[in-house]
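Structure data follow from input22.cif (mmCIF, C-alpha atoms and all ligand atoms):
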```cif
data_final
loop_
_atom_site.label_atom_id
_atom_site.label_comp_id
_atom_site.auth_asym_id
_atom_site.auth_seq_id
_atom_site.Cartn_x
_atom_site.Cartn_y
_atom_site.Cartn_z
CA MET J 128 80.77 23.88 39.23
CA GLN J 129 80.64 25.36 42.73
CA LEU J 130 83.42 24.84 45.25
CA SER J 131 82.28 23.89 48.73
CA SER J 132 83.06 26.30 51.57
CA ARG J 133 86.03 24.10 52.44
CA GLY J 134 86.99 24.03 48.76
CA ARG J 135 86.95 27.82 48.68
CA GLN J 136 88.98 27.94 51.86
CA MET J 137 91.65 25.55 50.53
CA SER J 138 91.87 27.07 47.05
CA ARG J 139 92.69 30.60 48.20
CA LEU J 140 95.86 32.10 46.77
CA SER J 141 97.79 32.10 50.02
CA GLY J 142 101.18 33.70 50.65
CA ILE J 143 102.86 30.31 50.28
CA ARG J 144 101.25 29.75 46.88
CA SER J 145 102.51 33.09 45.54
CA ILE J 146 106.00 32.28 46.83
CA MET J 147 105.87 28.94 45.02
CA GLU J 148 104.84 30.80 41.84
CA ASP J 149 107.78 33.17 42.24
CA ILE J 150 110.11 30.21 42.55
CA ALA J 151 108.60 28.62 39.45
CA ALA J 152 109.01 31.88 37.51
CA VAL J 153 112.72 31.96 38.38
CA GLY J 154 113.02 28.26 37.49
CA ASN J 155 111.49 29.00 34.08
CA GLY J 156 113.93 31.85 33.59
CA ALA J 157 111.01 34.35 33.25
CA GLY J 158 112.29 37.06 30.93
CA SER J 159 115.94 37.76 30.38
CA GLY J 160 118.77 38.51 32.80
CA GLU J 161 119.74 37.05 36.15
CA TRP J 162 117.01 36.76 38.78
CA LEU J 163 117.98 36.99 42.42
CA ASN J 164 115.73 34.85 44.53
CA LEU J 165 116.01 35.79 48.19
CA SER J 166 112.53 34.47 48.73
CA PRO J 167 112.40 30.70 49.24
CA GLY J 168 112.74 28.41 52.23
CA ASN J 169 114.73 25.97 50.13
CA PRO J 170 117.86 24.82 51.95
CA SER J 171 121.19 25.67 50.31
CA HIS J 172 122.98 23.15 48.15
CA ILE J 173 125.86 22.36 50.48
CA PRO J 174 128.02 19.96 48.43
CA GLU J 175 128.83 17.55 51.31
CA VAL J 176 125.16 17.37 52.27
CA VAL J 177 123.96 16.79 48.69
CA ALA J 178 126.62 14.09 48.22
CA ALA J 179 125.66 12.32 51.47
CA TRP J 180 121.94 12.16 50.61
CA HIS J 181 122.78 11.05 47.08
CA ARG J 182 124.84 8.16 48.45
CA LEU J 183 122.30 7.21 51.13
CA THR J 184 119.50 7.24 48.56
CA ARG J 185 121.54 5.13 46.13
CA GLU J 186 122.22 2.59 48.89
CA ALA J 187 118.50 2.48 49.69
CA LEU J 188 117.74 2.01 46.00
CA ASP J 189 120.28 -0.82 45.67
CA GLU J 190 119.33 -2.64 48.85
CA ARG J 191 115.68 -1.84 49.55
CA PHE J 192 114.00 -1.06 46.24
CA VAL J 193 111.74 -4.09 46.11
CA GLU J 194 110.34 -3.92 49.65
CA SER J 195 110.20 -0.09 49.62
CA SER J 196 108.90 0.85 46.23
CA THR J 197 106.93 -2.15 44.97
CA ARG J 198 104.60 -2.62 47.96
CA TYR J 199 102.44 -0.58 50.26
CA GLY J 200 103.58 -0.22 53.84
CA PRO J 201 102.40 0.88 57.27
CA SER J 202 100.71 4.28 57.68
CA ARG J 203 102.77 5.04 60.80
CA GLY J 204 105.94 4.73 58.72
CA THR J 205 108.15 1.72 57.99
CA SER J 206 108.86 -0.20 61.18
CA GLU J 207 112.62 0.21 60.48
CA LEU J 208 112.41 4.02 60.33
CA VAL J 209 110.04 4.27 63.30
CA GLU J 210 112.41 2.11 65.39
CA ALA J 211 115.39 4.18 64.24
CA VAL J 212 113.59 7.39 65.29
CA VAL J 213 112.74 5.87 68.68
CA ASP J 214 116.33 4.78 69.31
CA TYR J 215 117.83 8.05 68.04
CA PHE J 216 115.66 10.27 70.28
CA ASN J 217 115.92 8.00 73.33
CA LEU J 218 119.70 8.01 73.03
CA THR J 219 120.00 11.73 72.24
CA TYR J 220 117.60 13.09 74.87
CA GLY J 221 117.38 10.27 77.44
CA TRP J 222 113.69 9.73 76.58
CA SER J 223 111.84 6.43 76.74
CA ILE J 224 109.44 6.76 73.84
CA GLY J 225 108.22 3.78 71.80
CA PRO J 226 106.84 3.33 68.27
CA GLU J 227 103.38 4.39 69.54
CA ASN J 228 104.77 7.92 70.00
CA VAL J 229 105.97 8.32 66.40
CA VAL J 230 104.29 8.92 63.05
CA VAL J 231 106.10 9.49 59.75
CA GLY J 232 104.41 11.67 57.15
CA PRO J 233 104.94 13.23 53.72
CA GLY J 234 106.50 16.48 55.02
CA SER J 235 105.85 18.53 58.11
CA GLN J 236 103.52 20.83 56.15
CA MET J 237 101.22 17.82 55.83
CA LEU J 238 101.70 16.82 59.47
CA SER J 239 100.74 20.38 60.52
CA PHE J 240 97.68 20.19 58.29
CA ILE J 241 96.73 16.83 59.79
CA ALA J 242 97.07 18.10 63.36
CA THR J 243 95.13 21.29 62.53
CA THR J 244 92.32 19.30 60.92
CA LEU J 245 92.15 16.86 63.84
CA PHE J 246 92.24 19.36 66.69
CA THR J 247 90.62 22.56 65.38
CA GLY J 248 87.28 23.42 63.79
CA PRO J 249 83.66 23.37 64.93
CA ASP J 250 83.15 21.80 68.38
CA THR J 251 80.02 19.86 69.36
CA ASP J 252 78.14 23.19 69.73
CA GLY J 253 79.24 24.28 66.24
CA VAL J 254 81.64 26.94 67.60
CA VAL J 255 84.92 27.05 65.66
CA GLN J 256 87.86 26.36 67.96
CA PRO J 257 90.70 27.84 65.90
CA LEU J 258 94.32 27.13 65.28
CA VAL J 259 96.14 29.72 67.40
CA LEU J 260 99.54 30.98 66.27
CA PRO J 261 100.77 32.37 69.57
CA ARG J 262 103.88 34.05 68.26
CA LEU J 263 103.43 36.08 65.08
CA PRO J 264 105.08 36.56 62.68
CA ASP J 265 105.28 32.87 61.85
CA TYR J 266 105.70 30.54 58.87
CA THR J 267 103.47 31.69 56.02
CA GLY J 268 102.57 28.08 55.21
CA TYR J 269 100.50 27.90 58.42
CA GLN J 270 97.92 30.25 56.91
CA GLY J 271 96.69 27.63 54.49
CA LEU J 272 96.08 25.02 57.17
CA GLY J 273 92.57 25.89 58.34
CA LEU J 274 89.58 24.27 56.63
CA ASP J 275 87.13 26.62 58.33
CA PRO J 276 86.68 30.34 57.61
CA GLY J 277 87.99 32.14 60.70
CA GLY J 278 89.77 28.96 61.71
CA ILE J 279 93.18 30.61 62.27
CA VAL J 280 93.92 33.25 64.86
CA GLY J 281 97.34 34.88 65.26
CA LEU J 282 98.57 36.77 68.30
CA GLU J 283 100.57 39.91 67.68
CA PRO J 284 103.88 39.98 69.55
CA LEU J 285 105.48 42.59 71.73
CA ILE J 286 108.35 44.48 70.06
CA VAL J 287 111.53 44.72 72.10
CA PRO J 288 114.10 47.19 70.64
CA GLU J 289 117.75 46.21 71.12
CA GLY J 290 119.93 49.16 70.16
CA ARG J 291 119.98 51.25 66.98
CA HIS J 292 119.48 48.56 64.33
CA SER J 293 118.29 45.47 66.17
CA PHE J 294 115.12 44.19 67.88
CA HIS J 295 113.29 41.05 68.87
CA TYR J 296 109.71 39.96 69.50
CA ALA J 297 108.33 38.48 72.69
CA VAL J 298 105.20 36.37 73.11
CA ASP J 299 102.34 38.52 74.44
CA THR J 300 101.34 36.19 77.27
CA ASP J 301 98.47 38.51 78.32
CA ALA J 302 96.97 38.23 74.82
CA LEU J 303 97.43 34.46 75.06
CA ALA J 304 95.55 34.37 78.36
CA ARG J 305 92.73 36.47 76.81
CA GLN J 306 92.32 34.20 73.76
CA SER J 307 88.99 32.54 74.49
CA ARG J 308 88.65 30.04 71.62
CA MET J 309 91.44 27.58 70.91
CA GLY J 310 91.69 24.12 69.36
CA MET J 311 95.46 23.88 69.02
CA MET J 312 98.58 26.08 69.15
CA LEU J 313 101.37 25.90 66.60
CA LEU J 314 104.70 27.67 66.28
CA SER J 315 108.01 27.22 64.53
CA ASN J 316 111.09 27.15 66.71
CA PRO J 317 113.48 28.70 65.81
CA ALA J 318 110.95 30.79 63.99
CA ASN J 319 110.58 31.24 60.29
CA PRO J 320 110.88 34.20 59.50
CA THR J 321 112.62 35.79 62.50
CA GLY J 322 115.07 33.11 63.66
CA SER J 323 114.14 33.59 67.29
CA SER J 324 114.05 30.65 69.68
CA ILE J 325 111.34 30.38 72.25
CA GLU J 326 112.56 31.38 75.71
CA ALA J 327 112.12 28.99 78.63
CA GLY J 328 109.55 31.31 80.30
CA GLU J 329 107.54 31.63 77.08
CA LEU J 330 107.55 27.87 76.55
CA LYS J 331 106.33 27.38 80.12
CA ALA J 332 103.46 29.82 79.51
CA LEU J 333 102.50 28.02 76.29
CA ILE J 334 102.58 24.60 77.92
CA GLU J 335 100.52 25.82 80.88
CA THR J 336 97.98 27.28 78.44
CA ALA J 337 97.85 23.97 76.54
CA GLU J 338 97.25 22.09 79.79
CA ARG J 339 94.63 24.51 81.06
CA ARG J 340 92.71 24.52 77.77
CA ASP J 341 93.41 20.84 77.17
CA VAL J 342 94.63 21.42 73.59
CA PRO J 343 97.85 20.33 71.87
CA LEU J 344 100.82 22.64 71.52
CA VAL J 345 102.57 21.71 68.25
CA LEU J 346 106.24 22.71 68.09
CA ASP J 347 107.67 22.74 64.59
CA HIS J 348 111.44 22.18 64.74
CA ALA J 349 111.99 22.55 60.98
CA TYR J 350 115.22 24.53 61.53
CA GLY J 351 116.04 23.41 65.05
CA GLU J 352 117.37 20.58 67.14
CA PRO J 353 118.47 17.89 66.55
CA PHE J 354 118.66 18.42 62.77
CA PRO J 355 119.26 20.53 60.73
CA GLY J 356 120.41 22.25 63.96
CA VAL J 357 120.42 25.76 62.47
CA VAL J 358 120.10 27.23 65.95
CA GLN J 359 122.57 28.50 68.52
CA THR J 360 120.58 27.80 71.71
CA ARG J 361 120.54 24.06 72.25
CA LEU J 362 117.01 23.80 73.60
CA ALA J 363 116.06 20.12 73.63
CA PRO J 364 112.56 19.28 72.37
CA VAL J 365 110.14 18.57 75.22
CA LEU J 366 108.13 15.46 75.92
CA HIS J 367 104.83 16.42 77.49
CA SER J 368 101.26 15.13 77.59
CA HIS J 369 100.12 18.20 75.58
CA VAL J 370 103.04 18.64 73.15
CA ILE J 371 103.47 17.28 69.63
CA ASN J 372 106.96 17.82 68.16
CA LEU J 373 107.42 18.02 64.39
CA PHE J 374 110.74 17.17 62.75
CA THR J 375 111.51 17.28 59.05
CA LEU J 376 114.36 16.19 56.81
CA SER J 377 113.60 19.05 54.41
CA LYS J 378 115.96 21.66 55.82
CA ALA J 379 118.61 18.99 56.36
CA GLY J 380 118.78 18.62 52.58
CA LEU J 381 115.75 16.66 51.34
CA PRO J 382 112.91 19.14 50.71
CA GLY J 383 111.90 17.41 47.49
CA GLU J 384 111.39 14.02 49.06
CA ARG J 385 108.67 14.88 51.59
CA ILE J 386 109.77 13.04 54.74
CA ALA J 387 108.99 14.28 58.24
CA PHE J 388 107.79 12.78 61.50
CA ALA J 389 105.93 13.76 64.64
CA ILE J 390 106.71 12.65 68.19
CA GLY J 391 104.14 13.04 70.93
CA PRO J 392 101.76 11.25 73.31
CA ALA J 393 100.31 8.08 71.78
CA GLU J 394 96.72 9.36 72.13
CA LEU J 395 97.56 12.41 69.98
CA VAL J 396 99.77 10.55 67.52
CA ASP J 397 97.35 7.70 66.93
CA PRO J 398 94.65 9.82 65.20
CA MET J 399 97.41 11.28 63.01
CA VAL J 400 98.30 7.75 61.86
CA SER J 401 94.65 7.14 60.94
CA PHE J 402 94.51 10.46 59.08
CA ILE J 403 97.51 9.45 56.98
CA ALA J 404 95.90 6.08 56.26
CA ASN J 405 92.70 7.84 55.18
CA SER J 406 94.33 10.52 53.07
CA ALA J 407 97.70 9.36 51.72
CA LEU J 408 98.08 5.71 52.87
CA HIS J 409 101.70 6.42 53.89
CA ALA J 410 104.80 8.52 53.20
CA PRO J 411 107.22 7.53 50.40
CA GLN J 412 109.20 4.49 51.52
CA LEU J 413 112.46 4.50 49.58
CA LEU J 414 113.49 7.71 51.26
CA GLN J 415 112.36 6.37 54.62
CA ALA J 416 115.06 3.74 54.15
CA ALA J 417 117.68 6.42 53.40
CA VAL J 418 116.66 8.46 56.42
CA GLU J 419 116.69 5.39 58.64
CA ARG J 420 120.30 4.75 57.65
CA SER J 421 121.30 8.36 58.36
CA LEU J 422 119.84 8.06 61.87
CA ARG J 423 121.25 4.60 62.65
CA THR J 424 124.78 5.59 61.57
CA ARG J 425 124.31 9.10 63.07
CA GLU J 426 125.58 10.48 59.79
CA ILE J 427 122.80 13.05 60.16
CA ASP J 428 124.68 14.45 63.18
CA THR J 429 127.86 14.85 61.16
CA LEU J 430 125.98 16.65 58.40
CA THR J 431 124.35 18.92 60.98
CA THR J 432 127.33 19.84 63.13
CA GLN J 433 130.09 19.87 60.51
CA HIS J 434 128.30 21.32 57.50
CA ILE J 435 124.76 22.70 57.86
CA LYS J 436 125.06 24.59 61.14
CA PRO J 437 128.40 26.33 60.42
CA TYR J 438 127.26 27.15 56.89
CA TYR J 439 124.22 29.16 58.00
CA LYS J 440 126.06 30.75 60.90
CA ALA J 441 128.65 32.14 58.48
CA LYS J 442 125.97 33.20 56.00
CA ARG J 443 124.08 35.09 58.69
CA ALA J 444 127.24 36.89 59.86
CA MET J 445 127.98 37.84 56.28
CA ALA J 446 124.45 39.18 55.71
CA GLU J 447 124.54 41.22 58.94
CA GLU J 448 127.77 42.86 57.85
CA LEU J 449 126.47 43.57 54.35
CA LEU J 450 123.20 45.03 55.63
CA THR J 451 125.07 47.35 57.96
CA GLY J 452 127.16 48.51 55.00
CA ALA J 453 124.28 48.84 52.51
CA LEU J 454 121.56 50.48 54.62
CA PRO J 455 122.15 54.05 55.78
CA ASP J 456 122.65 54.55 59.50
CA SER J 457 120.21 57.46 59.37
CA MET J 458 117.40 55.12 58.24
CA ASP J 459 115.27 53.48 60.95
CA TRP J 460 115.88 49.90 59.93
CA ARG J 461 116.18 47.07 62.42
CA LEU J 462 117.19 43.47 61.95
CA HIS J 463 115.52 40.86 64.16
CA SER J 464 118.27 39.36 66.33
CA SER J 465 118.59 35.75 65.34
CA ASP J 466 119.17 32.53 67.17
CA GLY J 467 118.96 30.46 64.00
CA GLY J 468 116.93 29.69 60.92
CA MET J 469 117.73 30.53 57.32
CA PHE J 470 116.44 34.11 57.04
CA CYS J 471 116.93 37.77 57.88
CA TRP J 472 113.82 39.62 59.09
CA LEU J 473 114.11 43.32 58.56
CA SER J 474 111.83 46.11 59.77
CA ILE J 475 111.95 49.53 58.07
CA ASP J 476 110.16 51.86 60.42
CA HIS J 477 109.15 54.74 58.12
CA ASP J 478 105.79 56.01 56.85
CA TRP J 479 107.13 55.90 53.28
CA PHE J 480 107.80 52.16 53.49
CA ASP J 481 105.30 49.53 52.36
CA ASP J 482 106.33 45.87 52.02
CA LEU J 483 104.29 45.28 48.83
CA GLU J 484 105.68 48.40 47.17
CA LEU J 485 109.20 47.19 47.97
CA TYR J 486 108.30 43.74 46.62
CA GLN J 487 107.06 45.22 43.32
CA LEU J 488 110.05 47.52 42.98
CA LEU J 489 112.50 44.68 43.65
CA LYS J 490 110.66 42.49 41.16
CA ARG J 491 111.31 45.19 38.55
CA LYS J 492 114.96 44.92 39.58
CA ARG J 493 114.71 41.14 39.02
CA MET J 494 114.81 40.12 42.64
CA PHE J 495 112.39 38.33 44.96
CA VAL J 496 111.90 38.82 48.68
CA VAL J 497 108.86 38.00 50.80
CA PRO J 498 106.68 40.90 52.00
CA GLY J 499 106.32 40.96 55.79
CA ARG J 500 102.50 40.80 55.76
CA HIS J 501 102.58 37.19 54.52
CA PHE J 502 103.78 36.10 57.96
CA PHE J 503 100.75 37.53 59.75
CA VAL J 504 97.17 36.34 59.63
CA GLU J 505 93.95 38.14 58.79
CA PRO J 506 92.75 40.73 59.60
CA LEU J 507 95.68 42.53 57.98
CA ASP J 508 94.43 46.05 58.73
CA THR J 509 95.21 46.14 62.46
CA PRO J 510 97.22 49.10 63.83
CA PHE J 511 100.10 46.67 64.50
CA LEU J 512 100.13 45.52 60.88
CA ARG J 513 99.83 49.05 59.52
CA THR J 514 102.65 50.43 61.66
CA HIS J 515 104.89 47.37 61.82
CA GLY J 516 103.98 44.16 59.95
CA LYS J 517 103.69 45.86 56.56
CA ARG J 518 107.01 47.54 57.24
CA CYS J 519 108.89 44.24 57.35
CA VAL J 520 110.51 42.02 54.76
CA ARG J 521 112.11 38.56 54.81
CA LEU J 522 115.35 37.76 53.00
CA SER J 523 116.44 34.17 52.53
CA LEU J 524 120.06 33.21 53.23
CA SER J 525 119.95 29.99 51.27
CA CYS J 526 120.99 31.32 47.87
CA ASP J 527 124.66 31.60 46.89
CA GLU J 528 126.89 34.13 48.66
CA TRP J 529 127.17 36.34 45.58
CA ALA J 530 123.37 36.43 45.31
CA VAL J 531 122.97 37.43 48.97
CA ALA J 532 125.57 40.19 48.48
CA GLU J 533 124.04 41.42 45.21
CA GLY J 534 120.54 41.15 46.67
CA ILE J 535 121.43 43.29 49.69
CA ASP J 536 122.91 45.89 47.33
CA ARG J 537 119.71 45.98 45.27
CA LEU J 538 117.69 46.21 48.48
CA GLY J 539 119.74 49.24 49.57
CA GLU J 540 119.13 50.92 46.18
CA ALA J 541 115.40 50.13 46.30
CA LEU J 542 115.00 51.57 49.79
CA GLU J 543 116.75 54.73 48.72
CA GLU J 544 114.37 55.02 45.73
CA LEU J 545 111.33 54.55 47.96
CA ARG J 546 112.60 57.15 50.40
CA VAL J 547 113.42 59.74 47.72
CA ASN J 548 110.12 59.23 45.84
CA ALA J 549 107.93 59.34 48.96
N1 LIG J 601 107.73 24.44 58.87
C1 LIG J 601 108.46 25.55 58.66
C2 LIG J 601 108.71 26.48 59.80
C3 LIG J 601 108.97 25.84 57.38
O1 LIG J 601 109.67 26.95 57.18
C4 LIG J 601 108.70 24.94 56.32
C5 LIG J 601 109.18 25.20 54.95
O2 LIG J 601 109.66 26.26 54.62
C6 LIG J 601 107.94 23.81 56.60
C7 LIG J 601 107.47 23.58 57.87
C8 LIG J 601 107.63 22.81 55.53
O3 LIG J 601 108.40 21.69 55.79
P1 LIG J 601 108.24 20.33 54.98
O4 LIG J 601 109.09 20.42 53.78
O5 LIG J 601 108.70 19.28 55.95
O6 LIG J 601 106.79 20.17 54.66
#
```
Encoded form using structure tokens:
Amino acid sequence: MQLSSRGRQMSRLSGIRSIMEDIAAVGNGAGSGEWLNLSPGNPSHIPEVVAAWHRLTREALDERFVESSTRYGPSRGTSELVEAVVDYFNLTYGWSIGPENVVVGPGSQMLSFIATTLFTGPDTDGVVQPLVLPRLPDYTGYQGLGLDPGGIVGLEPLIVPEGRHSFHYAVDTDALARQSRMGMMLLSNPANPTGSSIEAGELKALIETAERRDVPLVLDHAYGEPFPGVVQTRLAPVLHSHVINLFTLSKAGLPGERIAFAIGPAELVDPMVSFIANSALHAPQLLQAAVERSLRTREIDTLTTQHIKPYYKAKRAMAEELLTGALPDSMDWRLHSSDGGMFCWLSIDHDWFDDLELYQLLKRKRMFVVPGRHFFVEPLDTPFLRTHGKRCVRLSLSCDEWAVAEGIDRLGEALEELRVNA
């Protein structure tokens, strides 16, 4: 049977799907010997965080099972969780939002998909107004969001060197101004994979563009404020007529339970509520009760400030030190300077380096990383991709310390092999 054009679009083997298959292979123990998985966006198992969610979930099970799990509920989210979100954000940021500004969904991946489907695609003249990723590289999961061929456009960044082994990207605001078609903008902040936080000037340019083009700017705070708070710059989320903010509980310890929510203007949030009603009815409710309790008691803040944030800060410092020790000074490698997130983004600026070759070689050494190209969008044969994007790799910091250390060692060996065999 034939797939429709949308079917073909949605059944492509995207970068995210191959990462999920890598994770499954490790889970199944593929072959013999220890696999090192420095690939996934899974949060670490921090014992205090796991214990807290276990307890909160058990309390929800004991006290709310019947009303949560044995009946359908509202598509916006349970009124208790929506009210808890409203109170939490009003108290934390001095906002005055109401329930009409909030929608709970089954994960922020789904909320991004909903927003992309609502705000991008063919306009009344049949011209595709795409999803614009204004700050590449960005989360590989965004590439599967567009239902329309050509429905996703990514803007290449400017590269700003910062000394011998460090660099960062900046938003190319001229390229943003030149982008003629646009249905919505989306970016993660701090970014997966680089860990960089949007600067105030860049945010201003994005918001002005959203206003001028009258499209939503969706800011995905998966790693940011207020939780899991894996970010050093405390940039509060913004309330604006053209901004939708996405928050998820995944990186705060609950990736398997699929709970996230969006906050934005009622006229943008309302169609998202209808989309959830039409597609999923609503998000799982037992965990909404657990999350509600974590917000009401502010236990989520304790988990963030006392456990999650310090954990990743220490892990990042450790990885930086190990990379400096394992990679030769004479090699042109640079680490993206990080403001947060759960990854290291490394560029190896040599003709002999290719991200897929490194990926295959490391796989033979029983280790997974994510090739840099997965964080860019098609076309993948631009000069920027050839000379930079395909010379990058992402390492996850969420596996155990020994695995990060061993993984960086294997990476050093693999780079040496690629260099010698070039
Ligand atoms: N946004 C970013 C930036 C991510 O890195 C991820 C997962 O890795 C997601 C969204 C997916 O989040 P969720 O589990 O809430 O769907």
Listing only residues of chain J within 9 Å of ligand LIG 601 (chain J), what is the closest atom pair and its distance in Å (to one decimal) for each, using only C-alpha atoms and all ligand atoms, sorted by chain and residue number ascending, as a Markdown table?
```
| residue | atom | partner | partner_atom | distance |
| --- | --- | --- | --- | --- |
| J:Pro167 | CA | J:LIG601 | O2 | 7.5 |
| J:Gly168 | CA | J:LIG601 | O2 | 4.5 |
| J:Asn169 | CA | J:LIG601 | O2 | 6.8 |
| J:Pro170 | CA | J:LIG601 | O2 | 8.7 |
| J:Gly232 | CA | J:LIG601 | O5 | 8.8 |
| J:Pro233 | CA | J:LIG601 | O6 | 7.2 |
| J:Gly234 | CA | J:LIG601 | O5 | 3.7 |
| J:Ser235 | CA | J:LIG601 | O5 | 3.7 |
| J:Gln236 | CA | J:LIG601 | O6 | 3.7 |
| J:Met237 | CA | J:LIG601 | O6 | 6.2 |
| J:Leu238 | CA | J:LIG601 | O6 | 7.8 |
| J:Ser239 | CA | J:LIG601 | C7 | 7.9 |
| J:Asp265 | CA | J:LIG601 | C2 | 7.5 |
| J:Tyr266 | CA | J:LIG601 | C2 | 5.1 |
| J:Thr267 | CA | J:LIG601 | O1 | 7.9 |
| J:Gly268 | CA | J:LIG601 | C4 | 7.0 |
| J:Tyr269 | CA | J:LIG601 | N1 | 8.0 |
| J:Leu314 | CA | J:LIG601 | C2 | 7.7 |
| J:Ser315 | CA | J:LIG601 | C2 | 4.8 |
| J:Asn316 | CA | J:LIG601 | C2 | 7.3 |
| J:Pro317 | CA | J:LIG601 | C2 | 8.0 |
| J:Ala318 | CA | J:LIG601 | C2 | 6.4 |
| J:Asn319 | CA | J:LIG601 | C2 | 5.1 |
| J:Pro320 | CA | J:LIG601 | O1 | 7.7 |
| J:Asp347 | CA | J:LIG601 | N1 | 6.0 |
| J:His348 | CA | J:LIG601 | C2 | 7.1 |
| J:Ala349 | CA | J:LIG601 | N1 | 5.1 |
| J:Tyr350 | CA | J:LIG601 | C2 | 7.0 |
| J:Leu373 | CA | J:LIG601 | N1 | 8.5 |
| J:Phe374 | CA | J:LIG601 | O5 | 7.4 |
| J:Thr375 | CA | J:LIG601 | O5 | 4.6 |
| J:Leu376 | CA | J:LIG601 | O5 | 6.5 |
| J:Ser377 | CA | J:LIG601 | O4 | 4.8 |
| J:Lys378 | CA | J:LIG601 | O4 | 7.3 |
| J:Leu381 | CA | J:LIG601 | O4 | 8.0 |
| J:Pro382 | CA | J:LIG601 | O4 | 5.1 |
| J:Gly383 | CA | J:LIG601 | O4 | 7.5 |
| J:Glu384 | CA | J:LIG601 | O4 | 8.3 |
| J:Arg385 | CA | J:LIG601 | O4 | 6.0 |
| J:Ile386 | CA | J:LIG601 | O5 | 6.4 |
| J:Ala387 | CA | J:LIG601 | O5 | 5.5 |
| J:Phe388 | CA | J:LIG601 | O5 | 8.6 |
| J:Gly468 | CA | J:LIG601 | O1 | 8.6 |
| J:Met469 | CA | J:LIG601 | O1 | 8.8 |
```
Preceding selection exported with C-alpha atoms as a short mmCIF file (atom, residue, chain, number, x, y, z; two decimals), keeping the file's coordinate frame:
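What landed in out_4.cif:
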```
data_model
loop_
_atom_site.label_atom_id
_atom_site.label_comp_id
_atom_site.auth_asym_id
_atom_site.auth_seq_id
_atom_site.Cartn_x
_atom_site.Cartn_y
_atom_site.Cartn_z
CA PRO J 167 112.40 30.70 49.24
CA GLY J 168 112.74 28.41 52.23
CA ASN J 169 114.73 25.97 50.13
CA PRO J 170 117.86 24.82 51.95
CA GLY J 232 104.41 11.67 57.15
CA PRO J 233 104.94 13.23 53.72
CA GLY J 234 106.50 16.48 55.02
CA SER J 235 105.85 18.53 58.11
CA GLN J 236 103.52 20.83 56.15
CA MET J 237 101.22 17.82 55.83
CA LEU J 238 101.70 16.82 59.47
CA SER J 239 100.74 20.38 60.52
CA ASP J 265 105.28 32.87 61.85
CA TYR J 266 105.70 30.54 58.87
CA THR J 267 103.47 31.69 56.02
CA GLY J 268 102.57 28.08 55.21
CA TYR J 269 100.50 27.90 58.42
CA LEU J 314 104.70 27.67 66.28
CA SER J 315 108.01 27.22 64.53
CA ASN J 316 111.09 27.15 66.71
CA PRO J 317 113.48 28.70 65.81
CA ALA J 318 110.95 30.79 63.99
CA ASN J 319 110.58 31.24 60.29
CA PRO J 320 110.88 34.20 59.50
CA ASP J 347 107.67 22.74 64.59
CA HIS J 348 111.44 22.18 64.74
CA ALA J 349 111.99 22.55 60.98
CA TYR J 350 115.22 24.53 61.53
CA LEU J 373 107.42 18.02 64.39
CA PHE J 374 110.74 17.17 62.75
CA THR J 375 111.51 17.28 59.05
CA LEU J 376 114.36 16.19 56.81
CA SER J 377 113.60 19.05 54.41
CA LYS J 378 115.96 21.66 55.82
CA LEU J 381 115.75 16.66 51.34
CA PRO J 382 112.91 19.14 50.71
CA GLY J 383 111.90 17.41 47.49
CA GLU J 384 111.39 14.02 49.06
CA ARG J 385 108.67 14.88 51.59
CA ILE J 386 109.77 13.04 54.74
CA ALA J 387 108.99 14.28 58.24
CA PHE J 388 107.79 12.78 61.50
CA GLY J 468 116.93 29.69 60.92
CA MET J 469 117.73 30.53 57.32
#
```
_Pick from J:Ser195, J:Arg182, J:Thr424, J:Gln433 nearest to Asp214 of chain J, counting only C-alpha atoms_ =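 Going through J:Ser195, J:Arg182, J:Thr424, J:Gln433 one by one, the smallest distance to Asp214 of chain J is for J:Thr424.
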*Between J:Gln136, J:Ser474, J:Ser324, J:Thr219, single out the one closest to Gly516 of chain J, counting only C-alpha atoms.*
J:Ser474
_Taking 5 positions as the minimum chain separation for residues in the same chain, which residues sit within 12 Å of Phe495 of chain J when counting all atoms listed in the file? Answer as a ChimeraX atom specification._
/J:145-153,161-167,482-483,485-490,520-523,526,530-531,534-535,537-538
*Got a sec: who's within 8 Å of Thr321 of chain J, counting all atoms listed in the file, leaving out chain neighbours fewer than 6 positions off, as a PyMOL selection string?*
chain J and resi 264-265+463-465+468+470-472
_Which of J:Glu484, J:Asp189, J:Asp536, J:Glu448 sits closest to Gly499 of chain J [using all atoms listed in the file]_ =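 Ranking J:Glu484, J:Asp189, J:Asp536, J:Glu448 by distance to Gly499 of chain J, first place goes to J:Glu484.
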*Just how far from atom CA of Val357 of chain J is atom CA of Val213 of chain J, in Å to one decimal?*
22.2 Å
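Checking J:Gly200, J:Pro364, J:Gly271, J:Pro353 one by one against Thr429 of chain J, counting only C-alpha atoms, you find the shortest gap at J:Pro353.
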_Would you compute the distance between atom CA of Pro174 of chain J and atom CA of Ala416 of chain J? Give it in Å to one decimal._
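Answer for the atom CA of Pro174 of chain J to atom CA of Ala416 of chain J separation: 21.5 Å.
A straight line drawn from atom CA of Asp466 of chain J to atom CA of Gly322 of chain J is 5.4 Å long.
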*Please identify all polymer residues within 8 Å of segment 201-211 of chain J, counting only C-alpha atoms, omitting same-chain residues fewer than 4 positions from it, and present them as a list in words.*
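Counting only the stated atoms, we get Tyr215, Gly225, Pro226, Val229, Val230, Val231, Gly232, Val400, Ser401, Ile403, Ala404, Leu408, His409, Ala410, Gln412, Gln415, Ala416, Val418, Glu419, Leu422 and Arg423 of chain J.
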